[in-house]
Amino acid sequence: MILLKSERDLAAMRPACRVARQVLDEASAFIAPGVTTRELDEYVAARIKAHGGRSAFLGYRKYPCHACISVNEEVVHGLAGPRRLQFGDIVSLDIGVICNGFIGDNARTVAVGGCDVLCQKLMDVTERALYAGIAQARPGNRVVDISRAIQQLVEGEGLSVVREFVGHGVGRTMHEEPQVPNFVEGKKSEKLRPGMTIAIEPMVNAGMPEVKILKDGWTVITVDGKPSAHFEHTILITEGEPEILTCEAKTPSELKAG
């Protein structure tokens with residue numbers, strides 16, 4: 001069942017999304033050569049607490065970290081540990097925050113000091129794909145319109161979309177209906193209606209789309225060992241343009257103007 005948010009719900013949810021964005025900005029700036037992924041996770045935990053929230057990920061289905069920190073060929077759900085980030089790595093940082101009983105969820109991929117041409121293209125295309133999907137998040141469209149926009153942009157650039165992990169509705173719980181694939185499934189999808197809040201999150205591989213889960217039970221990596229990138233926003237379907245709840249520029253038009 002799709003849960004439409006009331007104005008009262010949104011008044012509570014917007015601060016959660018704002019904190020999620022702020023912590024993602026702060027953690028992205030904290031990333032540097034020599035920092036361990038455990039230190040990064042601890043920093044995220046401290047910043048979430050400082051902003052009056054709590055991690056939406058810690059303990060969710062027994063996940064043991066405050067943030068998902070995935071490096072290079074790691075796609076999503078990477079675990080914090082002693083690994084030291086090196087110049088040239090790319091880090092996908094996924095942060096979810098609970099405030100006022102609602103969740104804000106966002107992600108981006110950051111280069112550690114700099115990166116090669118392939119990784120830069122991968123990050124640029126994935127972020128562009130996110131906004132291409134957001135642009136389709138209008139009432140009367142369907143989820144598949146978001147999926148198609150993302151897939152066409154990514155594959156048009158010679159990259160591939162991960163199939164096993166998709167976007168989703170979000171609100172009082174982490175995963176609500178509907179699912180929001182980053183590819184066209186070929187079956188009927190939900191119509192977008194004002195009041196829906198969804199997390200759009202393309203995960204894009206430089207090589208083939210296939211992934212596998214490591215023995216830790218969490219970390220997802222590309223099968224071919226090539227790098228992956230991940231960008232995400234929580235958005236609200238309105239009567240007109242979508243509102244990007246985890247972005248300072250609230251609509252696609254504001255982003256273009258900026």
# chains A, B, ... in the order shown; residues from 1 in each chain; ligands from 1

call {"tool": "closest_atom_pairs", "arguments": {"of": "stretch 178-234 of chain A", "to": "stretch 85-99 of chain A", "cutoff": "12 Å", "atoms": "only C-alpha atoms", "output": "CSV"}}
result
residue,atom,partner,partner_atom,distance
A:Ala199,CA,A:Gly96,CA,10.8
A:Glu201,CA,A:Asp94,CA,10.0
A:Pro202,CA,A:Ser92,CA,11.7
A:Met203,CA,A:Ser92,CA,9.7
A:Val204,CA,A:Ser92,CA,11.1
A:Val220,CA,A:Ser92,CA,11.8
A:Ile221,CA,A:Ser92,CA,11.9
A:Lys226,CA,A:Ile90,CA,11.5
A:Pro227,CA,A:Ile90,CA,8.1
A:Ser228,CA,A:Ser92,CA,8.2
A:Ala229,CA,A:Ser92,CA,6.2
A:His230,CA,A:Ser92,CA,5.9
A:Phe231,CA,A:Ser92,CA,7.9
A:Glu232,CA,A:Asp94,CA,8.0
A:His233,CA,A:Asp94,CA,10.2
A:Thr234,CA,A:Gly96,CA,10.1

call {"tool": "residues_around", "arguments": {"residues": "A:Ser70", "least_positions_apart": "4", "cutoff": "8 Å", "atoms": "only C-alpha atoms", "output": "PyMOL selection string"}}
result
chain A and resi 74-79+91-93+219

call {"tool": "write_last_selection", "arguments": {"atoms": "N, CA and C atoms", "output": "mmCIF file, in the first residue's frame"}}
result
data_model
loop_
_atom_site.group_PDB
_atom_site.id
_atom_site.type_symbol
_atom_site.label_atom_id
_atom_site.label_comp_id
_atom_site.auth_asym_id
_atom_site.auth_seq_id
_atom_site.Cartn_x
_atom_site.Cartn_y
_atom_site.Cartn_z
ATOM 1 N N GLU A 74 32.776 -1.650 -4.565
ATOM 2 C CA GLU A 74 31.649 -1.883 -3.668
ATOM 3 C C GLU A 74 30.482 -1.007 -4.114
ATOM 4 N N VAL A 75 29.327 -1.619 -4.281
ATOM 5 C CA VAL A 75 28.167 -0.922 -4.836
ATOM 6 C C VAL A 75 27.364 -0.241 -3.739
ATOM 7 N N VAL A 76 27.049 -0.990 -2.695
ATOM 8 C CA VAL A 76 26.186 -0.495 -1.621
ATOM 9 C C VAL A 76 26.356 -1.400 -0.409
ATOM 10 N N HIS A 77 25.945 -0.884 0.771
ATOM 11 C CA HIS A 77 25.917 -1.644 2.024
ATOM 12 C C HIS A 77 27.315 -2.029 2.515
ATOM 13 N N GLY A 78 28.332 -1.270 2.109
ATOM 14 C CA GLY A 78 29.672 -1.523 2.619
ATOM 15 C C GLY A 78 29.743 -1.304 4.123
ATOM 16 N N LEU A 79 30.598 -2.071 4.779
ATOM 17 C CA LEU A 79 30.730 -2.005 6.237
ATOM 18 C C LEU A 79 31.958 -1.205 6.627
ATOM 19 N N VAL A 91 34.218 6.870 -3.040
ATOM 20 C CA VAL A 91 33.464 6.388 -1.883
ATOM 21 C C VAL A 91 31.993 6.728 -2.058
ATOM 22 N N SER A 92 31.150 5.711 -2.083
ATOM 23 C CA SER A 92 29.705 5.923 -2.096
ATOM 24 C C SER A 92 29.230 5.959 -0.647
ATOM 25 N N LEU A 93 28.641 7.079 -0.281
ATOM 26 C CA LEU A 93 28.249 7.335 1.101
ATOM 27 C C LEU A 93 26.732 7.491 1.154
ATOM 28 N N THR A 219 28.118 -6.424 2.204
ATOM 29 C CA THR A 219 28.786 -5.649 1.164
ATOM 30 C C THR A 219 28.501 -6.210 -0.224
#

call {"tool": "closest_residue", "arguments": {"among": "A:Ala80, A:Ala132, A:Val184, A:Ile213", "to": "A:Asp41", "atoms": "only C-alpha atoms"}}
result
A:Ala80

call {"tool": "closest_residue", "arguments": {"among": "A:Lys49, A:Lys5, A:Lys212, A:Arg18", "to": "A:Lys250", "atoms": "only C-alpha atoms"}}
result
A:Arg18

call {"tool": "closest_residue", "arguments": {"among": "A:Gly207, A:Gly217, A:Gly81, A:Gly34", "to": "A:Glu157", "atoms": "only C-alpha atoms"}}
result
A:Gly207

call {"tool": "residues_around", "arguments": {"residues": "A:Ile200", "least_positions_apart": "6", "cutoff": "9 Å", "atoms": "only C-alpha atoms", "output": "PyMOL selection string"}}
result
chain A and resi 106+130+133-134+146+166-169+180-182+231-235

call {"tool": "write_last_selection", "arguments": {"atoms": "C-alpha atoms", "output": "CSV table (one decimal), in the first residue's frame"}}
result
chain,number,residue,atom,x,y,z
A,106,ASN,CA,20.3,10.4,0.5
A,130,LEU,CA,19.4,10.8,-10.7
A,133,GLY,CA,14.8,10.5,-13.0
A,134,ILE,CA,13.7,13.3,-10.7
A,146,ILE,CA,11.6,7.6,-13.8
A,166,VAL,CA,16.3,-0.2,-6.4
A,167,GLY,CA,14.8,3.0,-5.1
A,168,HIS,CA,11.7,2.9,-2.9
A,169,GLY,CA,9.0,4.8,-1.0
A,180,VAL,CA,11.5,2.5,-7.9
A,181,PRO,CA,13.7,0.5,-10.3
A,182,ASN,CA,16.5,2.2,-12.3
A,231,PHE,CA,23.5,9.0,-5.9
A,232,GLU,CA,20.2,9.4,-4.1
A,233,HIS,CA,17.6,12.0,-3.1
A,234,THR,CA,14.3,11.7,-1.2
A,235,ILE,CA,11.7,13.6,-3.1

call {"tool": "residues_around", "arguments": {"residues": "A:Asp124", "least_positions_apart": "2", "cutoff": "12 Å", "atoms": "only C-alpha atoms", "output": "list in words"}}
result
Arg108, Thr109, Val110, Ala111, Val117, Leu118, Cys119, Gln120, Lys121, Leu122, Thr126, Glu127, Arg128, Ala129, Leu130, Tyr131, Leu153, Val154, Glu157, Leu159, Pro202, Val204, Ala206, Ser228, Ala229, His230 and Phe231 of chain A

call {"tool": "residues_around", "arguments": {"residues": "A:Lys191", "least_positions_apart": "6", "cutoff": "9 Å", "atoms": "only C-alpha atoms", "output": "count of residues only"}}
result
6

call {"tool": "atom_distance", "arguments": {"atom1": "atom CA of A:Pro82", "atom2": "atom CA of A:Asn205"}}
result
24.9 Å

call {"tool": "decode", "arguments": {"residues": "stretch 20-49 of chain A", "atoms": "N, CA and C atoms", "output": "JSON list (two decimals), in the first residue's frame"}}
result
[["chain", "number", "residue", "atom", "x", "y", "z"],
["A", 20, "ALA", "N", 19.61, 14.81, 7.10],
["A", 20, "ALA", "CA", 20.30, 13.81, 6.26],
["A", 20, "ALA", "C", 21.21, 14.50, 5.24],
["A", 21, "ARG", "N", 20.70, 15.57, 4.63],
["A", 21, "ARG", "CA", 21.52, 16.30, 3.65],
["A", 21, "ARG", "C", 22.71, 16.97, 4.32],
["A", 22, "GLN", "N", 22.48, 17.59, 5.47],
["A", 22, "GLN", "CA", 23.56, 18.28, 6.16],
["A", 22, "GLN", "C", 24.67, 17.30, 6.56],
["A", 23, "VAL", "N", 24.28, 16.16, 7.08],
["A", 23, "VAL", "CA", 25.27, 15.17, 7.50],
["A", 23, "VAL", "C", 26.01, 14.62, 6.29],
["A", 24, "LEU", "N", 25.31, 14.40, 5.19],
["A", 24, "LEU", "CA", 25.98, 13.93, 3.97],
["A", 24, "LEU", "C", 26.99, 14.96, 3.48],
["A", 25, "ASP", "N", 26.64, 16.23, 3.53],
["A", 25, "ASP", "CA", 27.58, 17.29, 3.14],
["A", 25, "ASP", "C", 28.81, 17.28, 4.04],
["A", 26, "GLU", "N", 28.58, 17.20, 5.34],
["A", 26, "GLU", "CA", 29.69, 17.23, 6.30],
["A", 26, "GLU", "C", 30.58, 16.00, 6.16],
["A", 27, "ALA", "N", 29.97, 14.84, 6.01],
["A", 27, "ALA", "CA", 30.75, 13.60, 5.88],
["A", 27, "ALA", "C", 31.53, 13.57, 4.57],
["A", 28, "SER", "N", 30.94, 14.11, 3.51],
["A", 28, "SER", "CA", 31.65, 14.17, 2.23],
["A", 28, "SER", "C", 32.91, 15.02, 2.35],
["A", 29, "ALA", "N", 32.80, 16.11, 3.09],
["A", 29, "ALA", "CA", 33.96, 16.98, 3.29],
["A", 29, "ALA", "C", 35.01, 16.34, 4.19],
["A", 30, "PHE", "N", 34.59, 15.42, 5.05],
["A", 30, "PHE", "CA", 35.50, 14.73, 5.97],
["A", 30, "PHE", "C", 36.35, 13.69, 5.26],
["A", 31, "ILE", "N", 35.87, 13.19, 4.13],
["A", 31, "ILE", "CA", 36.58, 12.15, 3.38],
["A", 31, "ILE", "C", 37.91, 12.69, 2.86],
["A", 32, "ALA", "N", 38.98, 11.94, 3.14],
["A", 32, "ALA", "CA", 40.32, 12.35, 2.73],
["A", 32, "ALA", "C", 41.25, 11.15, 2.77],
["A", 33, "PRO", "N", 42.35, 11.18, 2.02],
["A", 33, "PRO", "CA", 43.31, 10.08, 2.09],
["A", 33, "PRO", "C", 43.77, 9.85, 3.54],
["A", 34, "GLY", "N", 43.83, 8.59, 3.94],
["A", 34, "GLY", "CA", 44.28, 8.23, 5.28],
["A", 34, "GLY", "C", 43.17, 8.01, 6.28],
["A", 35, "VAL", "N", 41.98, 8.53, 6.02],
["A", 35, "VAL", "CA", 40.84, 8.33, 6.92],
["A", 35, "VAL", "C", 40.35, 6.88, 6.77],
["A", 36, "THR", "N", 40.07, 6.23, 7.88],
["A", 36, "THR", "CA", 39.53, 4.87, 7.80],
["A", 36, "THR", "C", 38.01, 4.94, 7.64],
["A", 37, "THR", "N", 37.45, 3.88, 7.10],
["A", 37, "THR", "CA", 36.00, 3.86, 6.97],
["A", 37, "THR", "C", 35.32, 3.82, 8.34],
["A", 38, "ARG", "N", 35.98, 3.25, 9.34],
["A", 38, "ARG", "CA", 35.42, 3.28, 10.69],
["A", 38, "ARG", "C", 35.40, 4.70, 11.24],
["A", 39, "GLU", "N", 36.47, 5.45, 11.01],
["A", 39, "GLU", "CA", 36.50, 6.85, 11.45],
["A", 39, "GLU", "C", 35.41, 7.66, 10.75],
["A", 40, "LEU", "N", 35.19, 7.38, 9.49],
["A", 40, "LEU", "CA", 34.13, 8.07, 8.75],
["A", 40, "LEU", "C", 32.77, 7.73, 9.33],
["A", 41, "ASP", "N", 32.54, 6.47, 9.65],
["A", 41, "ASP", "CA", 31.26, 6.06, 10.23],
["A", 41, "ASP", "C", 31.06, 6.71, 11.60],
["A", 42, "GLU", "N", 32.11, 6.77, 12.40],
["A", 42, "GLU", "CA", 32.01, 7.41, 13.71],
["A", 42, "GLU", "C", 31.73, 8.91, 13.57],
["A", 43, "TYR", "N", 32.31, 9.52, 12.55],
["A", 43, "TYR", "CA", 32.05, 10.94, 12.30],
["A", 43, "TYR", "C", 30.59, 11.14, 11.92],
["A", 44, "VAL", "N", 30.07, 10.28, 11.07],
["A", 44, "VAL", "CA", 28.66, 10.36, 10.68],
["A", 44, "VAL", "C", 27.77, 10.23, 11.92],
["A", 45, "ALA", "N", 28.08, 9.27, 12.79],
["A", 45, "ALA", "CA", 27.28, 9.07, 14.00],
["A", 45, "ALA", "C", 27.27, 10.33, 14.86],
["A", 46, "ALA", "N", 28.45, 10.95, 15.02],
["A", 46, "ALA", "CA", 28.55, 12.16, 15.84],
["A", 46, "ALA", "C", 27.77, 13.31, 15.24],
["A", 47, "ARG", "N", 27.83, 13.46, 13.92],
["A", 47, "ARG", "CA", 27.13, 14.57, 13.27],
["A", 47, "ARG", "C", 25.61, 14.36, 13.31],
["A", 48, "ILE", "N", 25.15, 13.13, 13.12],
["A", 48, "ILE", "CA", 23.71, 12.87, 13.23],
["A", 48, "ILE", "C", 23.22, 13.23, 14.62],
["A", 49, "LYS", "N", 23.97, 12.82, 15.64],
["A", 49, "LYS", "CA", 23.58, 13.13, 17.02],
["A", 49, "LYS", "C", 23.59, 14.63, 17.27]]
